[in-house]
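A.B. asks: Data file coords.csv (CSV, C-alpha atoms) is appended below.
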chain,number,residue,atom,x,y,z
A,1,MET,CA,-19.1,-8.4,-7.1
A,2,GLN,CA,-15.6,-9.4,-8.2
A,3,ASN,CA,-15.2,-11.4,-11.4
A,4,LEU,CA,-12.8,-14.0,-10.1
A,5,ARG,CA,-12.2,-15.8,-13.4
A,6,LYS,CA,-11.3,-12.5,-15.1
A,7,ILE,CA,-8.8,-11.8,-12.3
A,8,LEU,CA,-7.1,-15.2,-12.7
A,9,GLU,CA,-7.0,-14.8,-16.5
A,10,ASN,CA,-5.5,-11.4,-16.5
A,11,THR,CA,-3.0,-11.3,-13.7
A,12,PHE,CA,-0.1,-13.2,-12.3
A,13,VAL,CA,-2.2,-14.6,-9.5
A,14,ALA,CA,-2.0,-18.4,-9.3
A,15,ASP,CA,-5.1,-18.9,-7.2
A,16,LEU,CA,-7.5,-16.9,-5.0
A,17,GLU,CA,-10.3,-16.9,-2.5
A,18,HIS,CA,-13.1,-14.4,-2.0
A,19,HIS,CA,-14.9,-13.7,1.3
A,20,ALA,CA,-18.0,-11.7,1.7
A,21,GLU,CA,-16.8,-10.9,5.2
A,22,ILE,CA,-13.5,-11.6,7.0
A,23,GLY,CA,-11.6,-10.3,10.0
A,24,SER,CA,-8.4,-9.4,8.2
A,25,THR,CA,-7.2,-10.5,4.7
A,26,ASN,CA,-3.6,-10.2,6.0
A,27,ASP,CA,-4.3,-12.6,8.8
A,28,ARG,CA,-5.9,-15.0,6.3
A,29,ALA,CA,-2.9,-14.8,4.0
A,30,SER,CA,-0.6,-15.7,6.9
A,31,GLN,CA,-2.8,-18.7,7.6
A,32,CYS,CA,-2.6,-19.8,4.0
A,33,ALA,CA,1.1,-19.5,4.0
A,34,ALA,CA,1.3,-22.5,6.3
A,35,TYR,CA,-0.7,-24.8,4.0
A,36,ALA,CA,1.3,-27.4,2.0
A,37,GLY,CA,0.9,-26.9,-1.7
A,38,VAL,CA,-0.5,-23.4,-1.6
A,39,LYS,CA,0.0,-21.8,-5.0
A,40,LEU,CA,1.7,-18.5,-5.1
A,41,PRO,CA,1.0,-15.7,-5.7
A,42,TRP,CA,-2.2,-16.4,-3.6
A,43,LEU,CA,-4.9,-13.7,-3.5
A,44,ILE,CA,-7.4,-13.1,-0.7
A,45,ILE,CA,-10.2,-10.6,-1.5
A,46,ALA,CA,-12.9,-9.4,1.0
A,47,ASP,CA,-16.0,-7.4,0.5
A,48,ARG,CA,-15.9,-6.4,4.1
A,49,GLN,CA,-13.2,-6.6,6.9
A,50,THR,CA,-14.3,-6.5,10.5
A,51,ALA,CA,-10.7,-6.2,11.8
A,52,GLY,CA,-8.7,-4.7,9.0
A,53,ARG,CA,-5.3,-3.6,10.2
A,54,GLY,CA,-2.9,-0.8,9.5
A,55,ARG,CA,0.6,-0.2,10.9
A,56,GLY,CA,1.0,-0.6,14.7
A,57,SER,CA,-2.4,-0.5,16.5
A,58,ASN,CA,-4.1,1.3,13.7
A,59,ARG,CA,-7.3,-0.1,12.1
A,60,TRP,CA,-8.4,0.2,8.5
A,61,TRP,CA,-11.9,1.3,7.7
A,62,THR,CA,-13.5,-0.9,5.0
A,63,GLY,CA,-16.7,0.7,4.0
A,64,SER,CA,-19.2,-0.9,1.7
A,65,GLY,CA,-17.9,-0.6,-1.9
A,66,SER,CA,-14.2,-0.4,-0.9
A,67,LEU,CA,-11.5,-2.8,-2.2
A,68,ALA,CA,-9.6,-4.9,0.4
A,69,PHE,CA,-7.2,-7.6,-0.5
A,70,SER,CA,-3.9,-9.3,0.4
A,71,LEU,CA,-1.4,-11.0,-1.8
A,72,LEU,CA,0.8,-13.7,-0.5
A,73,ILE,CA,4.1,-14.0,-2.5
A,74,GLY,CA,7.2,-16.0,-2.3
A,75,PRO,CA,10.6,-14.5,-1.3
A,76,GLU,CA,11.9,-15.0,-4.8
A,77,LEU,CA,9.7,-12.2,-6.1
A,78,VAL,CA,11.3,-9.8,-3.5
A,79,ALA,CA,14.9,-11.0,-3.5
A,80,PRO,CA,15.9,-13.5,-6.2
A,81,ALA,CA,18.8,-15.9,-5.6
A,82,GLY,CA,22.0,-14.0,-5.0
A,83,ALA,CA,20.3,-10.7,-4.2
A,84,SER,CA,20.1,-9.1,-0.9
A,85,GLN,CA,16.7,-8.8,0.9
A,86,ARG,CA,14.7,-5.8,-0.2
A,87,SER,CA,11.7,-6.1,2.1
A,88,GLY,CA,12.0,-2.4,3.1
A,89,LEU,CA,11.2,-1.4,-0.5
A,90,VAL,CA,8.2,-3.7,-1.0
A,91,SER,CA,5.9,-1.1,0.6
A,92,LEU,CA,7.1,1.6,-1.8
A,93,ALA,CA,6.7,-0.8,-4.8
A,94,ALA,CA,3.1,-1.5,-3.7
A,95,ALA,CA,2.4,2.2,-3.3
A,96,VAL,CA,3.8,3.0,-6.7
A,97,ALA,CA,1.7,0.3,-8.2
A,98,VAL,CA,-1.5,1.7,-6.6
A,99,VAL,CA,-0.7,5.2,-7.8
A,100,GLU,CA,0.1,4.1,-11.4
A,101,ALA,CA,-3.1,2.0,-11.5
A,102,VAL,CA,-5.4,4.7,-10.2
A,103,SER,CA,-3.9,7.8,-11.8
A,104,PRO,CA,-5.6,7.3,-15.2
A,105,ILE,CA,-9.0,7.7,-13.7
A,106,ILE,CA,-8.2,10.7,-11.5
A,107,VAL,CA,-9.6,14.0,-12.8
A,108,PRO,CA,-6.8,16.4,-13.8
A,109,GLY,CA,-5.9,19.0,-11.2
A,110,HIS,CA,-6.0,16.5,-8.3
A,111,GLU,CA,-2.7,15.7,-6.5
A,112,ILE,CA,-2.0,12.0,-5.9
A,113,GLY,CA,1.1,10.7,-4.2
A,114,ILE,CA,2.8,8.6,-1.6
A,115,HIS,CA,2.8,9.5,2.1
A,116,TRP,CA,5.8,7.6,3.4
A,117,PRO,CA,5.9,4.8,4.4
A,118,ASN,CA,2.6,3.1,3.3
A,119,ASP,CA,-0.2,5.5,2.3
A,120,VAL,CA,-1.5,6.9,-0.9
A,121,LEU,CA,-3.1,10.3,-0.6
A,122,LEU,CA,-5.4,12.2,-2.9
A,123,ASP,CA,-5.5,15.9,-2.3
A,124,GLY,CA,-4.1,15.4,1.2
A,125,ARG,CA,-6.5,12.7,2.3
A,126,LYS,CA,-6.0,8.9,2.5
A,127,LEU,CA,-7.1,7.0,-0.5
A,128,ALA,CA,-5.3,3.8,0.1
A,129,GLY,CA,-3.4,2.1,2.9
A,130,ILE,CA,-0.7,-0.6,2.5
A,131,LEU,CA,0.5,-3.1,5.1
A,132,ILE,CA,3.5,-5.4,4.4
A,133,GLU,CA,4.2,-8.3,6.6
A,134,VAL,CA,7.2,-10.6,6.3
A,135,LEU,CA,6.7,-14.2,7.5
A,136,PRO,CA,9.5,-16.3,9.1
A,137,ASP,CA,10.0,-18.3,5.9
A,138,GLY,CA,10.6,-15.2,3.8
A,139,LYS,CA,7.1,-15.1,2.2
A,140,HIS,CA,5.6,-11.6,2.1
A,141,VAL,CA,2.0,-10.5,2.6
A,142,ILE,CA,1.1,-7.4,0.7
A,143,GLY,CA,-2.2,-6.0,2.1
A,144,ILE,CA,-3.9,-3.1,0.3
A,145,GLY,CA,-7.1,-1.3,1.1
A,146,LEU,CA,-8.4,1.2,-1.5
A,147,ASN,CA,-11.4,3.5,-1.1
A,148,VAL,CA,-13.4,2.9,-4.3
A,149,ASN,CA,-17.2,3.1,-4.4
A,150,ASN,CA,-17.6,3.8,-0.7
A,151,ALA,CA,-18.2,7.4,0.5
A,152,ALA,CA,-16.2,9.3,3.1
A,153,ALA,CA,-19.5,10.6,4.5
A,154,ASP,CA,-20.2,7.0,5.7
A,155,ALA,CA,-16.9,6.6,7.5
A,156,PRO,CA,-16.7,6.8,11.3
A,157,GLU,CA,-16.7,10.4,12.6
A,158,ASP,CA,-13.1,10.4,13.6
A,159,VAL,CA,-12.0,9.0,10.3
A,160,ARG,CA,-14.2,11.1,8.0
A,161,PRO,CA,-12.0,14.3,7.7
A,162,ARG,CA,-8.9,12.2,6.8
A,163,VAL,CA,-10.2,9.9,4.0
A,164,VAL,CA,-11.3,10.3,0.4
A,165,THR,CA,-12.7,7.8,-2.1
A,166,LEU,CA,-12.6,7.5,-5.9
A,167,LEU,CA,-16.4,7.9,-5.9
A,168,ASP,CA,-16.0,11.2,-4.0
A,169,ALA,CA,-13.2,12.4,-6.2
A,170,THR,CA,-14.6,11.5,-9.6
A,171,GLY,CA,-18.3,11.6,-9.0
A,172,ARG,CA,-18.9,8.2,-10.5
A,173,GLU,CA,-18.7,4.5,-9.5
A,174,HIS,CA,-15.8,2.3,-10.8
A,175,ASP,CA,-15.5,-1.3,-11.8
A,176,SER,CA,-13.6,-2.8,-8.8
A,177,THR,CA,-12.6,-5.9,-10.7
A,178,GLU,CA,-10.9,-3.8,-13.4
A,179,LEU,CA,-9.2,-1.7,-10.7
A,180,LEU,CA,-8.0,-4.8,-8.9
A,181,ILE,CA,-6.6,-6.2,-12.2
A,182,ALA,CA,-4.9,-2.9,-12.9
A,183,ILE,CA,-3.3,-2.8,-9.4
A,184,LEU,CA,-2.1,-6.5,-9.7
A,185,GLN,CA,-0.7,-5.9,-13.1
A,186,GLN,CA,1.2,-2.9,-11.8
A,187,LEU,CA,2.3,-4.8,-8.8
A,188,GLN,CA,3.8,-7.5,-10.9
A,189,ARG,CA,5.6,-4.9,-13.0
A,190,GLN,CA,6.9,-3.0,-9.9
A,191,LEU,CA,8.1,-6.2,-8.2
A,192,ALA,CA,10.0,-7.2,-11.3
A,193,ARG,CA,11.7,-3.8,-11.3
A,194,LEU,CA,12.4,-4.2,-7.6
A,195,ALA,CA,14.2,-7.5,-8.3
A,196,ILE,CA,16.5,-6.2,-11.0
A,197,ALA,CA,16.7,-2.4,-10.5
A,198,PRO,CA,15.5,-1.4,-7.0
A,199,GLU,CA,16.9,2.1,-7.6
A,200,SER,CA,14.1,2.7,-10.2
A,201,ILE,CA,11.5,2.0,-7.5
A,202,VAL,CA,13.1,4.5,-5.2
A,203,ALA,CA,13.4,7.1,-8.0
A,204,ARG,CA,9.7,6.8,-8.8
A,205,ALA,CA,8.7,6.9,-5.1
A,206,GLN,CA,10.9,10.0,-4.7
A,207,ASP,CA,8.9,11.7,-7.5
A,208,LEU,CA,5.7,10.8,-5.8
A,209,CYS,CA,6.8,11.6,-2.2
A,210,LEU,CA,4.4,14.2,-0.8
A,211,GLN,CA,6.6,14.9,2.2
A,212,ARG,CA,9.8,15.9,0.3
A,213,GLY,CA,10.8,19.5,1.0
A,214,LYS,CA,8.5,19.8,4.0
A,215,GLN,CA,9.1,20.2,7.7
A,216,LEU,CA,8.2,17.0,9.4
A,217,GLN,CA,7.8,15.6,12.9
A,218,ILE,CA,8.4,11.9,13.3
A,219,VAL,CA,7.0,10.3,16.4
A,220,GLN,CA,8.7,7.1,17.6
A,221,GLY,CA,7.1,6.3,21.0
A,222,GLU,CA,8.4,8.9,23.4
A,223,LYS,CA,11.0,10.1,20.9
A,224,ARG,CA,10.4,13.1,18.6
A,225,ILE,CA,12.4,13.9,15.5
A,226,GLU,CA,11.7,17.2,13.7
A,227,GLY,CA,13.4,18.3,10.6
A,228,HIS,CA,13.4,19.0,6.8
A,229,CYS,CA,12.5,16.1,4.6
A,230,LEU,CA,15.1,15.3,1.9
A,231,GLY,CA,13.1,12.5,0.4
A,232,ILE,CA,13.6,8.7,0.3
A,233,ALA,CA,16.9,6.9,0.7
A,234,ALA,CA,18.2,4.0,-1.5
A,235,ASP,CA,17.0,1.5,1.1
A,236,GLY,CA,13.5,3.0,1.4
A,237,ALA,CA,14.1,5.0,4.6
A,238,LEU,CA,12.9,8.6,4.9
A,239,LEU,CA,15.8,11.1,4.9
A,240,ILE,CA,15.5,14.0,7.4
A,241,GLU,CA,17.9,16.9,8.0
A,242,ALA,CA,17.6,17.8,11.7
A,243,ASP,CA,20.0,20.0,13.7
A,244,GLY,CA,22.3,20.2,10.7
A,245,LYS,CA,22.7,16.5,10.4
A,246,GLN,CA,21.1,14.0,8.0
A,247,GLN,CA,19.5,10.9,9.4
A,248,ALA,CA,17.5,8.0,8.0
A,249,VAL,CA,14.1,7.2,9.6
A,250,TYR,CA,12.8,3.7,9.2
A,251,SER,CA,9.6,3.8,11.3
A,252,GLY,CA,7.3,6.2,13.1
A,253,VAL,CA,4.2,8.3,12.7
A,254,VAL,CA,5.0,11.1,10.3
A,255,ARG,CA,3.3,14.5,10.6
A,256,CYS,CA,3.8,17.7,8.6
A,257,VAL,CA,4.6,20.7,10.8
A,258,VAL,CA,2.4,23.7,10.0
Go through the file and emit its structure as structure tokens.

C.D. replies:
Amino acid sequence: MQNLRKILENTFVADLEHHAEIGSTNDRASQCAAYAGVKLPWLIIADRQTAGRGRGSNRWWTGSGSLAFSLLIGPELVAPAGASQRSGLVSLAAAVAVVEAVSPIIVPGHEIGIHWPNDVLLDGRKLAGILIEVLPDGKHVIGIGLNVNNAAADAPEDVRPRVVTLLDATGREHDSTELLIAILQQLQRQLARLAIAPESIVARAQDLCLQRGKQLQIVQGEKRIEGHCLGIAADGALLIEADGKQQAVYSGVVRCVV
């Protein structure tokens, strides 16, 4: 059970709502954005999602004991007055925030990092997923799903080999309220850095990028791009060297080539 008062007292969240069960926290955040007088940042937390979404047509598994939430923020947190829009970097900032918040409880010897564009992996398996949605008025919805006290063994059979949880990795349960507070505090920090020094977000994401230096295949519908990953560009794109030329990739399913 989340301690809602503690979250409000220790984070930059202005107001929040908690649901035992909901279709999608991102969908609910989009609904809240239309309400007059909604206080931002607005947080939606769910114990269980029945229609949690990932990128494209992907679905996010929300097992019992996992953490699922969406944060609705105003455009000024992403691009202050006079600054260019930086929406492409918000996903990286959120991923960095998750890694920084979770790393202190990860047992030494485990590898945690960012799988561009929106996943956090632990030892090659998915620990967290991030979904950023930009609304017509410039507000952003930052959706994060983190496997905490759920167990990969309880995941659907097709998902099981690809996911990991903090319970599985550390052998103990964790206080989900404290984890949520740590992520929100880190998110506030990373968004502030994004506003004044976006290159610092890119630099940290570059350090954490698990694909850098590997041979990748990017699937964009019927199109396939295969090449050597050079890392992350200044605008958040993935840089690929293919056929002797460098190109920036902004979308697609990314796979490592064995």

A.B. asks: For His19 of chain A, work out the shell of residues within 12 Å, counting all atoms listed in the file and skipping chain neighbours fewer than 5 positions away, then give it as a list of chain:residue names.

C.D. replies: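 That gives A:Met1, A:Gln2, A:Leu4, A:Ser24, A:Thr25, A:Arg28, A:Leu43, A:Ile44, A:Ile45, A:Ala46, A:Asp47, A:Arg48, A:Gln49, A:Thr50, A:Leu67, A:Ala68, A:Phe69, A:Ser70.
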
A.B. asks: From the set A:Ile142, A:Val219, A:Ala128, A:Leu135, which residue has the shortest atom-to-atom contact distance to Leu184 of chain A, counting only C-alpha atoms?

C.D. replies: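 Closest candidate: A:Ile142.
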
A.B. asks: A:Glu111, A:Asp158, A:Asp123, A:Glu133: which is nearest Asn26 of chain A, counting only C-alpha atoms?

C.D. replies: A:Glu133

A.B. asks: Counting all atoms listed in the file, which of A:Val202, A:Ile105, A:Ala14, A:Val163 gets nearest to Val90 of chain A?

C.D. replies: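 Nearest to Val90 of chain A: A:Val202.
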
A.B. asks: Compare A:Ile225, A:Val120, A:Leu239, A:Ala51 by their minimum atom-to-atom distance to Ala97 of chain A, counting all atoms listed in the file, and give me the closest one.

C.D. replies: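 Among A:Ile225, A:Val120, A:Leu239, A:Ala51, it is A:Val120 that comes nearest to Ala97 of chain A.
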